[in-house]
$ cat work.txt   # compact mmCIF, C-alpha atoms (C1' of nucleotides)
# COMPACT_ATOMS: atom_id res chain seq x y z
CA MET W 1 15.32 -2.48 16.59
CA GLU W 2 12.52 -2.30 14.10
CA THR W 3 10.17 0.61 13.71
CA THR W 4 6.91 -0.25 15.39
CA VAL W 5 3.76 -0.57 13.34
CA ASP W 6 0.62 -0.94 15.37
CA ILE W 7 -2.79 -2.18 14.40
CA ASN W 8 -4.16 1.30 13.89
CA ASP W 9 -1.37 2.11 11.47
CA VAL W 10 -2.13 -1.04 9.55
CA ALA W 11 -5.83 -0.20 9.38
CA GLU W 12 -4.78 3.23 8.13
CA LEU W 13 -2.64 1.64 5.43
CA PHE W 14 -5.54 -0.53 4.31
CA LYS W 15 -7.83 2.45 4.26
CA VAL W 16 -5.45 4.33 2.02
CA LEU W 17 -5.13 1.31 -0.26
CA GLY W 18 -8.89 0.82 -0.21
CA ASP W 19 -9.40 3.04 -3.18
CA HIS W 20 -9.04 1.85 -6.73
CA SER W 21 -6.98 4.83 -7.83
CA ARG W 22 -4.56 4.89 -4.92
CA LEU W 23 -4.09 1.13 -5.02
CA SER W 24 -3.23 1.39 -8.69
CA MET W 25 -0.89 4.32 -8.10
CA VAL W 26 1.01 2.43 -5.42
CA ALA W 27 1.21 -0.67 -7.58
CA MET W 28 2.49 1.40 -10.50
CA MET W 29 5.16 3.05 -8.38
CA TYR W 30 6.15 -0.35 -7.10
CA LYS W 31 7.17 -1.14 -10.66
CA LYS W 32 8.72 2.16 -11.61
CA GLU W 33 9.06 5.80 -10.77
CA CYS W 34 6.03 7.72 -11.95
CA CYS W 35 5.10 11.27 -12.74
CA VAL W 36 1.94 12.99 -11.53
CA CYS W 37 0.87 13.35 -15.10
CA ASP W 38 1.12 9.57 -15.58
CA PHE W 39 -1.69 9.25 -13.12
CA THR W 40 -3.90 11.98 -14.50
CA GLU W 41 -3.58 10.33 -17.88
CA CYS W 42 -3.97 6.69 -16.85
CA PHE W 43 -6.97 7.23 -14.64
CA ASN W 44 -8.51 9.91 -16.76
CA MET W 45 -8.73 11.91 -13.59
CA SER W 46 -8.42 15.64 -12.94
CA GLN W 47 -5.07 16.96 -11.79
CA PRO W 48 -6.35 18.19 -8.41
CA ALA W 49 -7.97 14.83 -7.73
CA VAL W 50 -4.65 13.07 -8.34
CA SER W 51 -2.86 15.61 -6.23
CA GLN W 52 -5.19 14.95 -3.33
CA HIS W 53 -4.73 11.21 -3.56
CA LEU W 54 -0.98 11.72 -3.56
CA LYS W 55 -1.27 13.86 -0.48
CA ARG W 56 -2.77 10.94 1.38
CA LEU W 57 0.06 8.66 0.33
CA ARG W 58 2.54 11.35 1.34
CA THR W 59 0.91 11.84 4.72
CA LEU W 60 1.32 8.15 5.41
CA GLY W 61 4.97 8.40 4.39
CA LEU W 62 4.56 5.97 1.52
CA ILE W 63 6.22 8.03 -1.19
CA THR W 64 9.28 10.08 -1.92
CA GLU W 65 9.54 12.81 -4.51
CA ARG W 66 12.18 13.98 -6.91
CA LYS W 67 11.70 17.35 -8.58
CA ASP W 68 13.05 17.76 -12.05
CA GLY W 69 12.12 20.87 -13.96
CA TYR W 70 8.39 20.97 -14.45
CA TRP W 71 7.85 17.49 -13.19
CA THR W 72 7.66 15.73 -9.89
CA HIS W 73 8.71 12.09 -10.03
CA LEU W 74 7.24 9.83 -7.40
CA SER W 75 8.51 6.59 -5.95
CA LEU W 76 7.62 4.37 -3.07
CA ASN W 77 9.60 5.29 0.01
CA SER W 78 11.82 2.35 0.78
CA ASP W 79 12.32 3.66 4.30
CA SER W 80 8.65 3.41 5.16
CA PRO W 81 7.93 0.96 7.97
CA PHE W 82 5.11 -0.30 5.77
CA MET W 83 7.43 -1.22 2.93
CA GLU W 84 7.96 -4.86 3.80
CA MET W 85 4.30 -5.42 4.33
CA LEU W 86 3.41 -3.47 1.23
CA SER W 87 5.63 -5.47 -1.08
CA LYS W 88 4.26 -8.78 0.17
CA LEU W 89 0.80 -7.44 -0.07
CA LEU W 90 1.23 -6.29 -3.66
CA ALA W 91 2.80 -9.59 -4.61
CA THR W 92 -0.19 -11.39 -3.10
CA THR W 93 -2.82 -9.35 -4.87
CA PRO W 94 -4.20 -11.46 -7.70
CA GLY W 95 -4.36 -9.86 -11.11
CA LEU W 96 -2.53 -6.78 -9.98
CA ASP W 97 0.53 -7.32 -12.10
CA ALA W 98 -1.37 -7.52 -15.37
CA HIS W 99 -3.54 -4.59 -14.38
CA VAL W 100 -0.50 -2.43 -13.67
CA ASP W 101 1.17 -3.38 -16.93
CA ARG W 102 -1.92 -2.33 -18.78
CA LEU W 103 -2.04 0.97 -16.91
CA LEU W 104 1.61 1.72 -17.50
CA ALA W 105 1.26 0.89 -21.17
CA SER W 106 -1.51 3.47 -21.40
CA CYS W 107 0.82 6.28 -20.34
CA THR W 108 1.67 7.82 -23.65
CA ARG W 109 3.37 10.99 -22.49
CA GLU W 110 7.03 11.12 -23.27
CA ALA W 111 8.06 14.56 -22.11
CA CYS W 112 8.16 13.81 -18.40
CA CYS W 113 9.83 10.42 -18.57
CA MET O 1 -10.33 -22.51 -13.01
CA GLU O 2 -9.90 -20.01 -10.24
CA THR O 3 -12.48 -17.48 -9.21
CA THR O 4 -11.48 -14.15 -10.63
CA VAL O 5 -10.63 -11.29 -8.31
CA ASP O 6 -10.19 -7.99 -10.03
CA ILE O 7 -8.49 -4.84 -8.84
CA ASN O 8 -11.74 -3.24 -7.76
CA ASP O 9 -12.57 -6.21 -5.59
CA VAL O 10 -9.17 -5.97 -3.98
CA ALA O 11 -9.60 -2.27 -3.31
CA GLU O 12 -12.97 -3.12 -1.79
CA LEU O 13 -11.32 -5.70 0.45
CA PHE O 14 -8.77 -3.18 1.63
CA LYS O 15 -11.48 -0.65 2.27
CA VAL O 16 -13.35 -3.10 4.45
CA LEU O 17 -10.15 -3.94 6.33
CA GLY O 18 -9.30 -0.27 6.60
CA ASP O 19 -11.12 0.09 9.87
CA HIS O 20 -9.60 -0.80 13.20
CA SER O 21 -12.66 -2.70 14.43
CA ARG O 22 -13.26 -4.73 11.28
CA LEU O 23 -9.59 -5.55 10.88
CA SER O 24 -9.55 -6.82 14.44
CA MET O 25 -12.73 -8.82 13.92
CA VAL O 26 -11.33 -10.53 10.87
CA ALA O 27 -8.07 -11.26 12.62
CA MET O 28 -9.94 -12.71 15.59
CA MET O 29 -12.06 -14.93 13.38
CA TYR O 30 -8.94 -16.07 11.63
CA LYS O 31 -7.88 -17.57 14.94
CA LYS O 32 -11.20 -18.92 16.10
CA GLU O 33 -14.94 -18.84 15.64
CA CYS O 34 -16.41 -15.80 17.35
CA CYS O 35 -19.75 -14.67 18.64
CA VAL O 36 -21.27 -11.25 18.00
CA CYS O 37 -21.13 -10.62 21.72
CA ASP O 38 -17.38 -11.27 21.72
CA PHE O 39 -17.04 -8.21 19.57
CA THR O 40 -19.37 -5.97 21.51
CA GLU O 41 -17.41 -6.86 24.60
CA CYS O 42 -13.87 -6.67 23.22
CA PHE O 43 -14.34 -3.39 21.44
CA ASN O 44 -16.65 -1.94 24.04
CA MET O 45 -18.93 -1.13 21.16
CA SER O 46 -22.70 -1.06 20.91
CA GLN O 47 -24.46 -4.09 19.50
CA PRO O 48 -25.89 -2.24 16.49
CA ALA O 49 -22.46 -0.87 15.62
CA VAL O 50 -21.00 -4.37 15.62
CA SER O 51 -23.92 -5.63 13.61
CA GLN O 52 -23.33 -3.01 10.95
CA HIS O 53 -19.65 -3.86 10.69
CA LEU O 54 -20.55 -7.52 10.33
CA LYS O 55 -22.94 -6.64 7.56
CA ARG O 56 -20.07 -5.21 5.55
CA LEU O 57 -18.01 -8.34 6.03
CA ARG O 58 -21.04 -10.42 5.07
CA THR O 59 -21.71 -8.37 1.96
CA LEU O 60 -18.17 -9.03 0.80
CA GLY O 61 -18.69 -12.73 1.43
CA LEU O 62 -15.95 -12.89 4.02
CA ILE O 63 -17.86 -14.67 6.75
CA THR O 64 -20.12 -17.62 7.37
CA GLU O 65 -22.58 -17.95 10.21
CA ARG O 66 -23.75 -20.74 12.42
CA LYS O 67 -26.84 -20.18 14.50
CA ASP O 68 -27.01 -21.91 17.81
CA GLY O 69 -29.81 -20.95 20.18
CA TYR O 70 -29.50 -17.33 21.08
CA TRP O 71 -26.13 -16.93 19.50
CA THR O 72 -24.70 -16.49 16.07
CA HIS O 73 -21.22 -17.84 15.66
CA LEU O 74 -19.09 -16.28 12.98
CA SER O 75 -16.17 -17.63 11.03
CA LEU O 76 -14.19 -16.59 8.04
CA ASN O 77 -15.61 -18.09 4.88
CA SER O 78 -13.01 -20.47 3.54
CA ASP O 79 -14.72 -20.44 0.15
CA SER O 80 -14.20 -16.72 -0.31
CA PRO O 81 -12.00 -15.88 -3.30
CA PHE O 82 -10.22 -13.49 -0.94
CA MET O 83 -9.27 -16.20 1.49
CA GLU O 84 -5.80 -16.94 0.18
CA MET O 85 -4.92 -13.31 -0.02
CA LEU O 86 -6.43 -12.63 3.37
CA SER O 87 -4.45 -15.28 5.15
CA LYS O 88 -1.16 -14.08 3.69
CA LEU O 89 -2.10 -10.57 4.48
CA LEU O 90 -2.92 -11.30 8.10
CA ALA O 91 0.28 -13.26 8.49
CA THR O 92 2.22 -10.30 7.11
CA THR O 93 0.65 -7.72 9.39
CA PRO O 94 3.17 -6.88 12.08
CA GLY O 95 1.96 -6.99 15.65
CA LEU O 96 -1.40 -8.38 14.68
CA ASP O 97 -0.95 -11.71 16.38
CA ALA O 98 -0.23 -10.25 19.80
CA HIS O 99 -3.01 -7.73 19.39
CA VAL O 100 -5.53 -10.44 18.61
CA ASP O 101 -4.42 -12.60 21.52
CA ARG O 102 -4.94 -9.68 23.82
CA LEU O 103 -8.39 -9.03 22.38
CA LEU O 104 -9.45 -12.64 22.62
CA ALA O 105 -8.22 -12.83 26.18
CA SER O 106 -10.45 -9.90 27.02
CA CYS O 107 -13.58 -11.83 26.03
CA THR O 108 -14.85 -12.98 29.38
CA ARG O 109 -18.28 -14.22 28.42
CA GLU O 110 -18.67 -17.94 28.75
CA ALA O 111 -22.30 -18.52 27.90
CA CYS O 112 -21.97 -18.23 24.15
CA CYS O 113 -18.78 -20.21 23.72
C1' DG C 1 9.16 39.97 -17.43
C1' DA C 2 5.27 37.63 -19.58
C1' DA C 3 3.40 33.30 -21.21
C1' DT C 4 3.40 28.37 -20.46
C1' DT C 5 3.57 24.23 -17.87
C1' DA C 6 3.19 21.17 -13.77
C1' DT C 7 1.60 20.82 -9.41
C1' DA C 8 -0.65 22.22 -4.91
C1' DT C 9 -4.15 24.28 -2.29
C1' DA C 10 -8.75 26.20 -1.17
C1' DA C 11 -13.56 26.19 -1.16
C1' DG C 12 -17.72 23.98 -2.03
C1' DA C 13 -21.07 20.11 -3.19
C1' DT C 14 -22.23 15.32 -2.74
C1' DT C 15 -21.89 10.88 -1.00
C1' DA C 16 -19.99 7.44 2.24
C1' DT C 17 -18.89 6.08 6.84
C1' DG C 18 -19.63 5.04 11.51
C1' DG C 19 -21.83 5.98 15.40
C1' DT C 20 -26.40 6.68 18.19
C1' DT C 21 -31.25 5.43 19.80
C1' DA C 22 -35.44 3.07 18.94
C1' DT C 23 -37.66 -0.78 17.24
C1' DA C 24 -38.32 -5.35 14.92
C1' DT C 25 -37.31 -10.29 14.60
C1' DG C 26 -36.52 -14.69 16.23
C1' DT C 27 -35.12 -18.06 19.80
C1' DT C 28 -35.46 -19.92 24.47
C1' DC C 29 -37.45 -20.93 28.69
C1' DA C 30 -40.71 -20.58 32.49
C1' DT J 1 -48.30 -17.38 26.04
C1' DG J 2 -45.24 -14.05 27.68
C1' DA J 3 -40.70 -12.50 29.53
C1' DA J 4 -35.80 -12.49 28.53
C1' DC J 5 -32.08 -12.59 25.44
C1' DA J 6 -29.28 -12.05 21.00
C1' DT J 7 -29.20 -9.97 16.84
C1' DA J 8 -30.79 -7.07 12.80
C1' DT J 9 -32.76 -3.10 10.85
C1' DA J 10 -34.32 1.74 10.52
C1' DA J 11 -33.85 6.46 11.11
C1' DC J 12 -30.96 9.96 12.22
C1' DC J 13 -26.66 12.72 12.89
C1' DA J 14 -21.77 14.16 12.63
C1' DT J 15 -17.68 13.63 10.29
C1' DA J 16 -14.77 12.00 6.53
C1' DA J 17 -13.96 11.13 1.68
C1' DT J 18 -13.85 12.44 -3.00
C1' DC J 19 -14.83 15.01 -6.58
C1' DT J 20 -15.37 19.76 -8.91
C1' DT J 21 -13.86 24.58 -10.11
C1' DA J 22 -11.00 28.39 -9.16
C1' DT J 23 -6.76 30.08 -7.77
C1' DA J 24 -1.85 29.99 -6.00
C1' DT J 25 2.97 28.59 -6.50
C1' DA J 26 7.04 27.54 -8.76
C1' DA J 27 9.93 26.29 -12.66
C1' DT J 28 10.84 27.05 -17.75
C1' DT J 29 11.12 29.29 -21.98
C1' DC J 30 10.67 33.09 -25.16
$ encode --input "work.txt" --output "structure tokens"
Amino acid sequence: METTVDINDVAELFKVLGDHSRLSMVAMMYKKECCVCDFTECFNMSQPAVSQHLKRLRTLGLITERKDGYWTHLSLNSDSPFMEMLSKLLATTPGLDAHVDRLLASCTREACC
Amino acid sequence: METTVDINDVAELFKVLGDHSRLSMVAMMYKKECCVCDFTECFNMSQPAVSQHLKRLRTLGLITERKDGYWTHLSLNSDSPFMEMLSKLLATTPGLDAHVDRLLASCTREACC
DNA sequence: GAATTATATAAGATTATGGTTATATGTTCA
DNA sequence: TGAACATATAACCATAATCTTATATAATTC
């Protein structure tokens, strides 16, 4: 039996993805594991702002975390009931792939990765 | 040449769909042409509230309108650059189909249809 | 154990969202 | 023309979203 996802959950997912930064974060993590500092660098955004966006993704159960020394590495949670939908959705989003590649290329930090 | 859709537009689309009522409206219109009063009835929502939601869909170019006497009939705009994405996205949304059928069945008004 | 680093949380300001009520607009019909 | 109906807009209010700065927490290194 599949985990149920109802219409309100889906609206919630869209709401969370309805922000440029979070959409980009999710798309980046879909390609590879990321570090919090990747995001602060790529989006030129303050650390607390990133942290708060991540909290929303966490609350929706979209991400998993792996602590390693200083750093927290973030991935999409493959157990999320949204995962199937999310992957189709990201694949369907035009221009997303190129955008993400550009973002990932702009992460210059080496220490955390 | 295809109309360009950039990442900000996509985030904007998600934001607009990130509301239970608007998501339902779009899904309903995906199945059939609807009337404003269908929405006020189905969602048990005031007419101005529906009107304001429709305005957001209109602003994003998602809908077209057909005036007929008292009523305004609304459809998804097949010329929208979001249309391809939208249709895949609606098809991928679990439980949406049944939800929409239930909503449409709850529209009892005859006059406008 | 003190300094450094990464991250989270709290508190506050500003803007966006989504509803309400009241009113305006435009069509239809008597 | 005026009453009835569908819809849009305006003004207002409460709550949510998103950023900022300041501070807390936890791991690392000297």
$ closest_atom_pairs --input "work.txt" --of "chain C" --to "chain O" --cutoff "10 Å" --atoms "all atoms listed in the file" --output "tab-separated table"
residue	atom	partner	partner_atom	distance
C:DG18	C1'	O:Ala49	CA	7.7
C:DG19	C1'	O:Ala49	CA	6.9
C:DT20	C1'	O:Ala49	CA	8.9
C:DT21	C1'	O:Pro48	CA	9.9
C:DG26	C1'	O:Tyr70	CA	8.9
C:DT27	C1'	O:Tyr70	CA	5.8
C:DT28	C1'	O:Gly69	CA	7.2
$ write_last_selection --input "work.txt" --atoms "C-alpha atoms (C1' of nucleotides)" --output "tab-separated table (two decimals), in the frame of the given file"
chain	number	residue	atom	x	y	z
C	18	DG	C1'	-19.63	5.04	11.51
C	19	DG	C1'	-21.83	5.98	15.40
C	20	DT	C1'	-26.40	6.68	18.19
C	21	DT	C1'	-31.25	5.43	19.80
C	26	DG	C1'	-36.52	-14.69	16.23
C	27	DT	C1'	-35.12	-18.06	19.80
C	28	DT	C1'	-35.46	-19.92	24.47
$ calpha_fit_and_write --input "work.txt" --fixed "chain O" --moving "chain W" --output "short mmCIF file (atom, residue, chain, number, x, y, z; two decimals) with C-alpha atoms, keeping the file's coordinate frame"
data_model
loop_
_atom_site.label_atom_id
_atom_site.label_comp_id
_atom_site.auth_asym_id
_atom_site.auth_seq_id
_atom_site.Cartn_x
_atom_site.Cartn_y
_atom_site.Cartn_z
CA MET W 1 -10.24 -22.45 -13.02
CA GLU W 2 -9.87 -19.97 -10.23
CA THR W 3 -12.47 -17.44 -9.25
CA THR W 4 -11.47 -14.09 -10.64
CA VAL W 5 -10.62 -11.25 -8.31
CA ASP W 6 -10.15 -7.93 -10.01
CA ILE W 7 -8.48 -4.79 -8.81
CA ASN W 8 -11.73 -3.19 -7.76
CA ASP W 9 -12.56 -6.17 -5.58
CA VAL W 10 -9.17 -5.93 -3.97
CA ALA W 11 -9.61 -2.22 -3.29
CA GLU W 12 -12.98 -3.11 -1.78
CA LEU W 13 -11.34 -5.69 0.47
CA PHE W 14 -8.78 -3.15 1.64
CA LYS W 15 -11.49 -0.63 2.29
CA VAL W 16 -13.36 -3.09 4.45
CA LEU W 17 -10.16 -3.95 6.32
CA GLY W 18 -9.31 -0.27 6.63
CA ASP W 19 -11.14 0.07 9.88
CA HIS W 20 -9.63 -0.82 13.20
CA SER W 21 -12.67 -2.73 14.40
CA ARG W 22 -13.28 -4.76 11.27
CA LEU W 23 -9.59 -5.57 10.88
CA SER W 24 -9.55 -6.84 14.44
CA MET W 25 -12.75 -8.83 13.94
CA VAL W 26 -11.35 -10.55 10.86
CA ALA W 27 -8.08 -11.28 12.61
CA MET W 28 -9.95 -12.72 15.59
CA MET W 29 -12.07 -14.95 13.39
CA TYR W 30 -8.94 -16.08 11.63
CA LYS W 31 -7.89 -17.59 14.94
CA LYS W 32 -11.21 -18.95 16.08
CA GLU W 33 -14.94 -18.86 15.64
CA CYS W 34 -16.41 -15.84 17.36
CA CYS W 35 -19.74 -14.70 18.66
CA VAL W 36 -21.25 -11.28 18.01
CA CYS W 37 -21.13 -10.62 21.70
CA ASP W 38 -17.36 -11.26 21.70
CA PHE W 39 -17.02 -8.21 19.55
CA THR W 40 -19.35 -5.96 21.47
CA GLU W 41 -17.40 -6.83 24.58
CA CYS W 42 -13.87 -6.64 23.19
CA PHE W 43 -14.33 -3.35 21.40
CA ASN W 44 -16.61 -1.85 23.98
CA MET W 45 -18.89 -1.08 21.10
CA SER W 46 -22.68 -0.98 20.86
CA GLN W 47 -24.45 -4.03 19.50
CA PRO W 48 -25.89 -2.25 16.45
CA ALA W 49 -22.47 -0.86 15.57
CA VAL W 50 -21.00 -4.37 15.60
CA SER W 51 -23.92 -5.66 13.62
CA GLN W 52 -23.33 -3.06 10.93
CA HIS W 53 -19.65 -3.87 10.68
CA LEU W 54 -20.54 -7.54 10.32
CA LYS W 55 -22.95 -6.69 7.56
CA ARG W 56 -20.10 -5.24 5.55
CA LEU W 57 -18.02 -8.36 6.01
CA ARG W 58 -21.04 -10.46 5.05
CA THR W 59 -21.71 -8.39 1.95
CA LEU W 60 -18.17 -9.04 0.80
CA GLY W 61 -18.68 -12.75 1.43
CA LEU W 62 -15.94 -12.90 4.03
CA ILE W 63 -17.86 -14.69 6.76
CA THR W 64 -20.12 -17.63 7.37
CA GLU W 65 -22.57 -17.96 10.22
CA ARG W 66 -23.75 -20.76 12.43
CA LYS W 67 -26.86 -20.19 14.52
CA ASP W 68 -27.04 -21.91 17.84
CA GLY W 69 -29.82 -20.95 20.19
CA TYR W 70 -29.49 -17.31 21.10
CA TRP W 71 -26.13 -16.93 19.51
CA THR W 72 -24.71 -16.50 16.07
CA HIS W 73 -21.20 -17.87 15.68
CA LEU W 74 -19.09 -16.30 12.98
CA SER W 75 -16.17 -17.66 11.03
CA LEU W 76 -14.18 -16.63 8.03
CA ASN W 77 -15.61 -18.13 4.88
CA SER W 78 -13.01 -20.49 3.53
CA ASP W 79 -14.72 -20.44 0.15
CA SER W 80 -14.20 -16.73 -0.32
CA PRO W 81 -11.99 -15.89 -3.29
CA PHE W 82 -10.23 -13.48 -0.95
CA MET W 83 -9.26 -16.20 1.48
CA GLU W 84 -5.80 -16.94 0.15
CA MET W 85 -4.94 -13.31 -0.04
CA LEU W 86 -6.45 -12.63 3.35
CA SER W 87 -4.45 -15.28 5.15
CA LYS W 88 -1.17 -14.07 3.69
CA LEU W 89 -2.12 -10.56 4.46
CA LEU W 90 -2.93 -11.32 8.09
CA ALA W 91 0.28 -13.27 8.47
CA THR W 92 2.20 -10.29 7.11
CA THR W 93 0.63 -7.73 9.38
CA PRO W 94 3.16 -6.89 12.08
CA GLY W 95 1.95 -7.01 15.65
CA LEU W 96 -1.40 -8.41 14.69
CA ASP W 97 -0.96 -11.74 16.38
CA ALA W 98 -0.22 -10.28 19.80
CA HIS W 99 -3.01 -7.75 19.40
CA VAL W 100 -5.53 -10.48 18.61
CA ASP W 101 -4.41 -12.61 21.53
CA ARG W 102 -4.95 -9.69 23.82
CA LEU W 103 -8.40 -9.05 22.37
CA LEU W 104 -9.44 -12.67 22.64
CA ALA W 105 -8.20 -12.84 26.20
CA SER W 106 -10.45 -9.90 27.03
CA CYS W 107 -13.58 -11.83 26.06
CA THR W 108 -14.84 -12.94 29.41
CA ARG W 109 -18.27 -14.20 28.44
CA GLU W 110 -18.69 -17.90 28.82
CA ALA W 111 -22.31 -18.48 27.96
CA CYS W 112 -21.97 -18.19 24.20
CA CYS W 113 -18.77 -20.16 23.79
#
$ closest_residue --input "work.txt" --among "W:Thr93, W:Glu65, W:Cys37, W:Tyr30" --to "DT5 in chain C" --atoms "only C-alpha atoms (C1' of nucleotides)"
W:Cys37
$ closest_residue --input "work.txt" --among "C:DA8, C:DC29, C:DA3, C:DA13" --to "DT28 in chain J" --atoms "all atoms listed in the file"
C:DA3
$ closest_residue --input "work.txt" --among "W:Ala105, W:Val26, W:Thr72, W:Glu12" --to "Leu86 in chain W" --atoms "all atoms listed in the file"
W:Val26
$ interface_residues --input "work.txt" --of "chain W" --to "chain O" --cutoff "10 Å" --atoms "all atoms listed in the file" --output "compact mmCIF listing (two decimals) with C-alpha atoms, in the coordinates of the input"
# COMPACT_ATOMS: atom_id res chain seq x y z
CA THR W 4 6.91 -0.25 15.39
CA VAL W 5 3.76 -0.57 13.34
CA ASP W 6 0.62 -0.94 15.37
CA ILE W 7 -2.79 -2.18 14.40
CA ASN W 8 -4.16 1.30 13.89
CA ASP W 9 -1.37 2.11 11.47
CA VAL W 10 -2.13 -1.04 9.55
CA ALA W 11 -5.83 -0.20 9.38
CA GLU W 12 -4.78 3.23 8.13
CA LEU W 13 -2.64 1.64 5.43
CA PHE W 14 -5.54 -0.53 4.31
CA LYS W 15 -7.83 2.45 4.26
CA VAL W 16 -5.45 4.33 2.02
CA LEU W 17 -5.13 1.31 -0.26
CA GLY W 18 -8.89 0.82 -0.21
CA ASP W 19 -9.40 3.04 -3.18
CA HIS W 20 -9.04 1.85 -6.73
CA SER W 21 -6.98 4.83 -7.83
CA ARG W 22 -4.56 4.89 -4.92
CA LEU W 23 -4.09 1.13 -5.02
CA SER W 24 -3.23 1.39 -8.69
CA PHE W 82 5.11 -0.30 5.77
CA GLU W 84 7.96 -4.86 3.80
CA MET W 85 4.30 -5.42 4.33
CA LEU W 86 3.41 -3.47 1.23
CA LYS W 88 4.26 -8.78 0.17
CA LEU W 89 0.80 -7.44 -0.07
CA LEU W 90 1.23 -6.29 -3.66
CA ALA W 91 2.80 -9.59 -4.61
CA THR W 92 -0.19 -11.39 -3.10
CA THR W 93 -2.82 -9.35 -4.87
CA PRO W 94 -4.20 -11.46 -7.70
CA GLY W 95 -4.36 -9.86 -11.11
CA LEU W 96 -2.53 -6.78 -9.98
CA ASP W 97 0.53 -7.32 -12.10
CA HIS W 99 -3.54 -4.59 -14.38
CA VAL W 100 -0.50 -2.43 -13.67
$ interface_residues --input "work.txt" --of "chain J" --to "chain O" --cutoff "12 Å" --atoms "only C-alpha atoms (C1' of nucleotides)" --output "PyMOL selection string"
chain J and resi 4-10
$ axis_aligned_box --input "work.txt" --around "range 38-41 of chain W" --padding-each-side "5 Å" --output "AutoDock Vina command-line options"
--center_x -1.4 --center_y 10.6 --center_z -15.5 --size_x 15.0 --size_y 12.7 --size_z 14.8
$ residues_around --input "work.txt" --residues "Cys35 in chain W" --least-positions-apart "2" --cutoff "9 Å" --atoms "only C-alpha atoms (C1' of nucleotides)" --output "PyMOL selection string"
chain W and resi 33+37-39+71-75+112-113
$ residues_around --input "work.txt" --residues "DA30 in chain C" --least-positions-apart "3" --cutoff "12 Å" --atoms "all atoms listed in the file" --output "list in words"
DT1, DG2, DA3 and DA4 of chain J
$ atom_distance --input "work.txt" --atom1 "CA of Cys107 in chain O" --atom2 "CA of Cys42 in chain O"
5.9 Å
$ residues_around --input "work.txt" --residues "DA11 in chain C" --least-positions-apart "6" --cutoff "12 Å" --atoms "all atoms listed in the file" --output "list of chain:residue names"
J:DT20, J:DT21, J:DA22, J:DT23
$ atom_distance --input "work.txt" --atom1 "CA of Ser87 in chain W" --atom2 "CA of Thr64 in chain W"
16.0 Å
